[in-house]
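Data from start.pdb: PDB, C-alpha atoms, pLDDT in the B column
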```pdb
ATOM      1  CA  MET A   1      17.647  -4.761  40.524  1.00 88.00           C
ATOM      2  CA  GLU A   2      14.144  -5.485  39.260  1.00 88.00           C
ATOM      3  CA  GLN A   3      12.808  -2.303  40.873  1.00 91.00           C
ATOM      4  CA  THR A   4      15.588  -0.325  39.175  1.00 93.00           C
ATOM      5  CA  ILE A   5      14.484  -1.718  35.811  1.00 94.00           C
ATOM      6  CA  PHE A   6      10.864  -0.701  36.427  1.00 94.00           C
ATOM      7  CA  ASN A   7      11.999   2.747  37.591  1.00 95.00           C
ATOM      8  CA  HIS A   8      13.905   3.074  34.330  1.00 94.00           C
ATOM      9  CA  MET A   9      10.761   2.147  32.391  1.00 95.00           C
ATOM     10  CA  GLU A  10       8.974   4.973  34.239  1.00 95.00           C
ATOM     11  CA  THR A  11      11.726   7.400  33.196  1.00 96.00           C
ATOM     12  CA  VAL A  12      11.742   6.356  29.552  1.00 96.00           C
ATOM     13  CA  ARG A  13       7.951   6.313  29.245  1.00 96.00           C
ATOM     14  CA  GLY A  14       7.769   9.630  31.104  1.00 96.00           C
ATOM     15  CA  ILE A  15       9.924  11.217  28.383  1.00 96.00           C
ATOM     16  CA  THR A  16       7.602   9.764  25.741  1.00 97.00           C
ATOM     17  CA  GLU A  17       4.490  10.999  27.547  1.00 96.00           C
ATOM     18  CA  LYS A  18       5.915  14.514  27.958  1.00 96.00           C
ATOM     19  CA  SER A  19       6.872  14.562  24.285  1.00 96.00           C
ATOM     20  CA  ILE A  20       3.391  13.660  23.044  1.00 96.00           C
ATOM     21  CA  GLU A  21       1.959  16.406  25.299  1.00 95.00           C
ATOM     22  CA  ARG A  22       4.375  19.075  24.021  1.00 96.00           C
ATOM     23  CA  ILE A  23       4.294  18.462  20.276  1.00 96.00           C
ATOM     24  CA  PRO A  24       1.433  20.168  18.432  1.00 95.00           C
ATOM     25  CA  GLU A  25      -0.778  17.485  16.909  1.00 95.00           C
ATOM     26  CA  GLU A  26      -1.387  19.618  13.808  1.00 95.00           C
ATOM     27  CA  ILE A  27       2.196  18.947  12.636  1.00 96.00           C
ATOM     28  CA  SER A  28       2.193  15.258  13.559  1.00 96.00           C
ATOM     29  CA  ASP A  29       1.305  13.981  10.084  1.00 96.00           C
ATOM     30  CA  ILE A  30       3.962  15.899   8.164  1.00 96.00           C
ATOM     31  CA  ILE A  31       6.674  13.677   6.701  1.00 96.00           C
ATOM     32  CA  PRO A  32       9.704  15.867   5.975  1.00 95.00           C
ATOM     33  CA  GLU A  33      12.000  15.057   3.101  1.00 93.00           C
ATOM     34  CA  GLY A  34      14.412  12.303   4.084  1.00 92.00           C
ATOM     35  CA  PHE A  35      11.982  10.598   6.476  1.00 94.00           C
ATOM     36  CA  ASN A  36       9.671   7.611   5.892  1.00 92.00           C
ATOM     37  CA  ASN A  37       7.327   8.232   8.792  1.00 96.00           C
ATOM     38  CA  ASN A  38       5.781  11.043  10.751  1.00 97.00           C
ATOM     39  CA  ILE A  39       5.578  11.930  14.421  1.00 98.00           C
ATOM     40  CA  ARG A  40       2.173  10.251  14.914  1.00 98.00           C
ATOM     41  CA  TRP A  41       3.508   7.001  13.412  1.00 98.00           C
ATOM     42  CA  ASN A  42       6.494   6.998  15.780  1.00 98.00           C
ATOM     43  CA  PHE A  43       4.336   7.420  18.897  1.00 98.00           C
ATOM     44  CA  GLY A  44       1.941   4.694  17.740  1.00 98.00           C
ATOM     45  CA  HIS A  45       4.865   2.450  16.826  1.00 98.00           C
ATOM     46  CA  ILE A  46       6.312   2.814  20.343  1.00 98.00           C
ATOM     47  CA  ALA A  47       2.968   1.679  21.797  1.00 98.00           C
ATOM     48  CA  PHE A  48       2.530  -1.241  19.387  1.00 98.00           C
ATOM     49  CA  VAL A  49       6.063  -2.603  19.708  1.00 96.00           C
ATOM     50  CA  GLN A  50       6.075  -2.284  23.510  1.00 97.00           C
ATOM     51  CA  ASP A  51       2.897  -4.374  23.705  1.00 97.00           C
ATOM     52  CA  LYS A  52       4.368  -6.949  21.345  1.00 96.00           C
ATOM     53  CA  ILE A  53       7.666  -7.118  23.263  1.00 95.00           C
ATOM     54  CA  VAL A  54       6.088  -7.402  26.715  1.00 96.00           C
ATOM     55  CA  PHE A  55       2.897  -9.336  26.038  1.00 96.00           C
ATOM     56  CA  GLY A  56       2.792 -10.697  22.493  1.00 95.00           C
ATOM     57  CA  ILE A  57       6.023 -12.664  22.455  1.00 94.00           C
ATOM     58  CA  LEU A  58       5.112 -14.217  25.819  1.00 94.00           C
ATOM     59  CA  GLY A  59       1.906 -15.511  24.231  1.00 92.00           C
ATOM     60  CA  GLU A  60      -0.258 -13.064  26.209  1.00 94.00           C
ATOM     61  CA  GLU A  61      -3.076 -11.024  24.713  1.00 94.00           C
ATOM     62  CA  MET A  62      -1.978  -7.671  23.354  1.00 95.00           C
ATOM     63  CA  LYS A  63      -4.284  -4.868  24.492  1.00 94.00           C
ATOM     64  CA  VAL A  64      -3.379  -2.109  22.043  1.00 96.00           C
ATOM     65  CA  PRO A  65      -6.213  -1.497  19.575  1.00 96.00           C
ATOM     66  CA  LYS A  66      -6.238  -4.081  16.766  1.00 95.00           C
ATOM     67  CA  SER A  67      -5.693  -1.328  14.168  1.00 96.00           C
ATOM     68  CA  TYR A  68      -2.258  -0.539  15.635  1.00 97.00           C
ATOM     69  CA  GLU A  69      -0.550  -3.470  13.933  1.00 96.00           C
ATOM     70  CA  ASN A  70      -1.559  -2.309  10.437  1.00 96.00           C
ATOM     71  CA  LEU A  71      -0.940   1.352  11.247  1.00 97.00           C
ATOM     72  CA  PHE A  72       2.200   1.171  13.370  1.00 97.00           C
ATOM     73  CA  GLY A  73       3.762  -2.293  13.055  1.00 95.00           C
ATOM     74  CA  ALA A  74       7.288  -2.748  11.732  1.00 91.00           C
ATOM     75  CA  GLY A  75       7.461  -1.991   8.035  1.00 92.00           C
ATOM     76  CA  THR A  76       4.273   0.109   7.956  1.00 95.00           C
ATOM     77  CA  LYS A  77       4.175   3.741   6.885  1.00 94.00           C
ATOM     78  CA  PRO A  78       1.587   6.507   6.910  1.00 96.00           C
ATOM     79  CA  SER A  79       1.398   6.631   3.109  1.00 93.00           C
ATOM     80  CA  ASP A  80      -0.207   3.164   3.272  1.00 93.00           C
ATOM     81  CA  TRP A  81      -2.868   4.102   5.838  1.00 95.00           C
ATOM     82  CA  ALA A  82      -6.397   3.344   4.629  1.00 92.00           C
ATOM     83  CA  VAL A  83      -8.088   4.414   7.883  1.00 93.00           C
ATOM     84  CA  THR A  84      -7.922   7.514  10.050  1.00 95.00           C
ATOM     85  CA  PRO A  85      -5.166   7.020  12.622  1.00 97.00           C
ATOM     86  CA  PRO A  86      -5.791   7.550  16.337  1.00 97.00           C
ATOM     87  CA  SER A  87      -5.443  11.027  17.813  1.00 97.00           C
ATOM     88  CA  PHE A  88      -2.582  12.019  20.087  1.00 96.00           C
ATOM     89  CA  THR A  89      -5.059  11.858  22.979  1.00 96.00           C
ATOM     90  CA  GLU A  90      -5.900   8.248  22.085  1.00 97.00           C
ATOM     91  CA  ILE A  91      -2.251   7.237  21.649  1.00 98.00           C
ATOM     92  CA  ALA A  92      -1.312   8.985  24.930  1.00 97.00           C
ATOM     93  CA  ALA A  93      -4.050   7.035  26.737  1.00 97.00           C
ATOM     94  CA  VAL A  94      -2.747   3.753  25.264  1.00 97.00           C
ATOM     95  CA  LEU A  95       0.803   4.597  26.369  1.00 97.00           C
ATOM     96  CA  ALA A  96      -0.316   5.415  29.938  1.00 96.00           C
ATOM     97  CA  GLU A  97      -2.562   2.356  30.250  1.00 96.00           C
ATOM     98  CA  GLN A  98       0.184   0.160  28.842  1.00 97.00           C
ATOM     99  CA  LYS A  99       2.642   1.373  31.487  1.00 95.00           C
ATOM    100  CA  SER A 100       0.170   0.370  34.211  1.00 95.00           C
ATOM    101  CA  ARG A 101      -0.416  -3.064  32.648  1.00 96.00           C
ATOM    102  CA  ILE A 102       3.323  -3.697  32.455  1.00 96.00           C
ATOM    103  CA  LYS A 103       3.789  -2.724  36.122  1.00 95.00           C
ATOM    104  CA  ASP A 104       1.037  -5.197  37.059  1.00 95.00           C
ATOM    105  CA  PHE A 105       2.093  -8.018  34.733  1.00 95.00           C
ATOM    106  CA  LEU A 106       5.863  -8.163  34.508  1.00 95.00           C
ATOM    107  CA  PRO A 107       7.288  -8.053  38.068  1.00 95.00           C
ATOM    108  CA  GLY A 108       8.785 -11.427  38.983  1.00 96.00           C
ATOM    109  CA  ARG A 109       8.748 -12.546  35.338  1.00 96.00           C
ATOM    110  CA  LEU A 110      11.911 -10.964  33.902  1.00 97.00           C
ATOM    111  CA  ASP A 111      13.774 -14.300  33.964  1.00 96.00           C
ATOM    112  CA  GLU A 112      10.833 -16.158  32.416  1.00 96.00           C
ATOM    113  CA  LYS A 113      11.789 -17.969  29.221  1.00 97.00           C
ATOM    114  CA  LEU A 114       9.823 -16.995  26.143  1.00 97.00           C
ATOM    115  CA  PRO A 115       7.660 -19.806  24.664  1.00 96.00           C
ATOM    116  CA  LYS A 116      10.102 -19.682  21.743  1.00 95.00           C
ATOM    117  CA  PRO A 117      13.074 -17.394  21.117  1.00 96.00           C
ATOM    118  CA  TYR A 118      12.054 -14.175  19.371  1.00 95.00           C
ATOM    119  CA  THR A 119      14.255 -12.536  16.754  1.00 95.00           C
ATOM    120  CA  ASN A 120      13.422  -8.932  15.909  1.00 90.00           C
ATOM    121  CA  ARG A 121      13.840  -7.255  12.513  1.00 87.00           C
ATOM    122  CA  GLY A 122      17.325  -6.138  13.538  1.00 87.00           C
ATOM    123  CA  GLY A 123      18.396  -9.761  13.952  1.00 93.00           C
ATOM    124  CA  ILE A 124      18.562  -9.641  17.762  1.00 94.00           C
ATOM    125  CA  THR A 125      17.243 -12.786  19.445  1.00 97.00           C
ATOM    126  CA  PHE A 126      15.606 -12.672  22.863  1.00 97.00           C
ATOM    127  CA  TYR A 127      15.208 -15.723  25.081  1.00 98.00           C
ATOM    128  CA  THR A 128      13.634 -14.216  28.211  1.00 97.00           C
ATOM    129  CA  ALA A 129      10.982 -11.619  28.990  1.00 97.00           C
ATOM    130  CA  GLY A 130      13.646  -9.462  30.635  1.00 96.00           C
ATOM    131  CA  GLU A 131      15.915  -9.425  27.597  1.00 97.00           C
ATOM    132  CA  ALA A 132      13.069  -8.260  25.396  1.00 96.00           C
ATOM    133  CA  PHE A 133      11.850  -5.725  27.973  1.00 97.00           C
ATOM    134  CA  LEU A 134      15.303  -4.194  28.375  1.00 96.00           C
ATOM    135  CA  PHE A 135      15.614  -3.874  24.589  1.00 96.00           C
ATOM    136  CA  SER A 136      12.313  -1.981  24.551  1.00 96.00           C
ATOM    137  CA  PHE A 137      13.974   0.955  26.360  1.00 96.00           C
ATOM    138  CA  TYR A 138      16.487   1.302  23.543  1.00 96.00           C
ATOM    139  CA  HIS A 139      13.723   0.975  20.957  1.00 96.00           C
ATOM    140  CA  GLU A 140      11.556   3.634  22.601  1.00 97.00           C
ATOM    141  CA  ALA A 141      14.483   6.041  22.962  1.00 97.00           C
ATOM    142  CA  MET A 142      15.459   5.518  19.321  1.00 96.00           C
ATOM    143  CA  HIS A 143      11.956   6.507  18.195  1.00 97.00           C
ATOM    144  CA  ILE A 144      11.862   9.508  20.550  1.00 97.00           C
ATOM    145  CA  GLU A 145      15.054  10.652  18.849  1.00 97.00           C
ATOM    146  CA  ALA A 146      13.383  10.161  15.441  1.00 97.00           C
ATOM    147  CA  ILE A 147      10.443  12.251  16.674  1.00 98.00           C
ATOM    148  CA  LYS A 148      12.846  15.016  17.756  1.00 97.00           C
ATOM    149  CA  GLN A 149      14.588  14.943  14.370  1.00 97.00           C
ATOM    150  CA  ILE A 150      11.280  15.132  12.487  1.00 97.00           C
ATOM    151  CA  TYR A 151      10.104  17.961  14.747  1.00 97.00           C
ATOM    152  CA  ARG A 152      13.354  19.914  14.178  1.00 95.00           C
ATOM    153  CA  SER A 153      13.071  19.372  10.441  1.00 95.00           C
ATOM    154  CA  ILE A 154       9.475  20.668  10.387  1.00 94.00           C
ATOM    155  CA  SER A 155      10.269  23.595  12.677  1.00 89.00           C
ATOM    156  CA  SER A 156      13.248  24.722  10.582  1.00 82.00           C
ATOM    157  CA  HIS A 157      11.078  25.290   7.478  1.00 69.00           C
TER     158      HIS A 157
END
```

Before we go any further, please render this structure as structure tokens.
Amino acid sequence: MEQTIFNHMETVRGITEKSIERIPEEISDIIPEGFNNNIRWNFGHIAFVQDKIVFGILGEEMKVPKSYENLFGAGTKPSDWAVTPPSFTEIAAVLAEQKSRIKDFLPGRLDEKLPKPYTNRGGITFYTAGEAFLFSFYHEAMHIEAIKQIYRSISSH
């Protein structure tokens, strides 16, 4: 079963990686009416939250750039950015490197208890690394859908 879970991660992250390759970066900072964030924010948010879910809540060092928390953490938005955000190329590299780190770090640890239960902003509490990791697939897919909706909104104008 563990291998199936890691295969699923490959599938989900593969969709994300193909999406960041296909979307023109020049439209990535547009925030259409009715949206709080842009395409760039969503890709960066996927990277930041995945690192937090897999490494951070286990007490391990997060390897995403330090700026990602202020740029892409929960509750952030591009209108608050005081620094230039990373390029799509930079975010894509973080996403790819992160996938490799997860494949090296997490096997055999899915049943590992978290140092303390972690409750996300949605009120869901995780007790093991596996619970949090499985939730990350839903989270990533939700933000890919947001990216698609933003892209459609931009493209329809």

In Å, how far is it from atom CA of A:Pro85 to atom CA of A:Leu71?
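Computed distance, atom CA of A:Pro85 to atom CA of A:Leu71, equals 7.2 Å.
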
Reference answer for the PyMOL selection byres ((chain A and resi 26-34) around 9), as a list of chain:residue names
A:Ile23, A:Pro24, A:Glu25, A:Phe35, A:Asn36, A:Asn37, A:Asn38, A:Ile39, A:Arg40, A:Trp41, A:Pro78, A:Phe88, A:Ile150, A:Tyr151, A:Ser153, A:Ile154

Under the rule that only C-alpha atoms are counted, which of A:Leu134, A:Ile5, A:Ile144, A:Ala74 is the nearest residue to A:Gly122?
A:Ala74

Quick one: pull the distance between atom CA of A:Pro115 and atom CA of A:Asp51, Å, one decimal.
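Taking atom CA of A:Pro115 and atom CA of A:Asp51, their separation equals 16.2 Å.
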
Axis-aligned box over every listed atom of stretch 133-151 of chain A, padded by 4 Å per side: centre and edges in Å to one decimal, as JSON?
```
{"center_x": 13.3, "center_y": 6.1, "center_z": 20.4, "size_x": 14.4, "size_y": 31.7, "size_z": 23.9}
```

Proximity check stretch 1-89 of chain A to stretch 101-107 of chain A, 10 Å, nearest pairs one decimal Å, all atoms listed in the file, as a Markdown table:
```
| residue | atom | partner | partner_atom | distance |
| --- | --- | --- | --- | --- |
| A:Glu2 | CA | A:Pro107 | CA | 7.4 |
| A:Gln3 | CA | A:Pro107 | CA | 8.4 |
| A:Ile5 | CA | A:Pro107 | CA | 9.8 |
| A:Phe6 | CA | A:Lys103 | CA | 7.4 |
| A:Asn7 | CA | A:Lys103 | CA | 10.0 |
| A:Met9 | CA | A:Lys103 | CA | 9.3 |
| A:Glu10 | CA | A:Lys103 | CA | 9.5 |
| A:Gln50 | CA | A:Ile102 | CA | 9.5 |
| A:Asp51 | CA | A:Ile102 | CA | 8.8 |
| A:Val54 | CA | A:Ile102 | CA | 7.4 |
| A:Phe55 | CA | A:Ile102 | CA | 8.6 |
| A:Lys63 | CA | A:Arg101 | CA | 9.2 |
```

Pull out every residue that the PyMOL selection byres ((chain A and resi 130) around 8) matches in the shown coordinates and put them as a list in words.
Arg109, Leu110, Asp111, Glu112, Thr128, Ala129, Glu131, Ala132, Phe133 and Leu134 of chain A

Serialized selection, C-alpha atoms, as an mmCIF file, in the coordinates of the input:
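Listed below is the output, result.cif:
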```cif
data_model
loop_
_atom_site.group_PDB
_atom_site.id
_atom_site.type_symbol
_atom_site.label_atom_id
_atom_site.label_comp_id
_atom_site.auth_asym_id
_atom_site.auth_seq_id
_atom_site.Cartn_x
_atom_site.Cartn_y
_atom_site.Cartn_z
ATOM 1 C CA ARG A 109 8.748 -12.546 35.338
ATOM 2 C CA LEU A 110 11.911 -10.964 33.902
ATOM 3 C CA ASP A 111 13.774 -14.300 33.964
ATOM 4 C CA GLU A 112 10.833 -16.158 32.416
ATOM 5 C CA THR A 128 13.634 -14.216 28.211
ATOM 6 C CA ALA A 129 10.982 -11.619 28.990
ATOM 7 C CA GLU A 131 15.915 -9.425 27.597
ATOM 8 C CA ALA A 132 13.069 -8.260 25.396
ATOM 9 C CA PHE A 133 11.850 -5.725 27.973
ATOM 10 C CA LEU A 134 15.303 -4.194 28.375
#
```

Give the answer as one residue: which of A:Leu95, A:His139, A:Gly108, A:Gln149 has the shortest atom-to-atom distance to A:Gly14, using only C-alpha atoms?
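The closest residue to A:Gly14 is A:Leu95.
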
Find the spatial neighbours of A:Met62, counting all atoms listed in the file, within a cut-off of 10 Å - ignore same-chain residues fewer than 2 positions away - and output them as an NGL selection string.
:A and (48 or 50-60 or 64-66 or 98)

Residue by residue, what does the PyMOL selection byres ((chain A and resi 141) around 12) grab here? Present the result as a list in words.
His8, Met9, Thr11, Val12, Arg13, Gly14, Ile15, Thr16, Ser19, Asn42, Phe43, His45, Ile46, Gln50, Leu134, Phe135, Ser136, Phe137, Tyr138, His139, Glu140, Met142, His143, Ile144, Glu145, Ala146, Ile147 and Lys148 of chain A

Work out how far apart atom CA of A:Arg152 and atom CA of A:Ile20 are and give it in Å to one decimal.
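Atom-to-atom, atom CA of A:Arg152 to atom CA of A:Ile20, that is 14.7 Å.
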
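Counting all atoms listed in the file, the residue from A:Ala96, A:Leu114, A:Ala47, A:Ala82 that sits nearest to A:Lys18 is A:Ala96.
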
Given all atoms listed in the file as the counted atoms, nearest of A:Glu61, A:Lys116, A:Ala93, A:Gly44 to A:Thr76:
A:Gly44
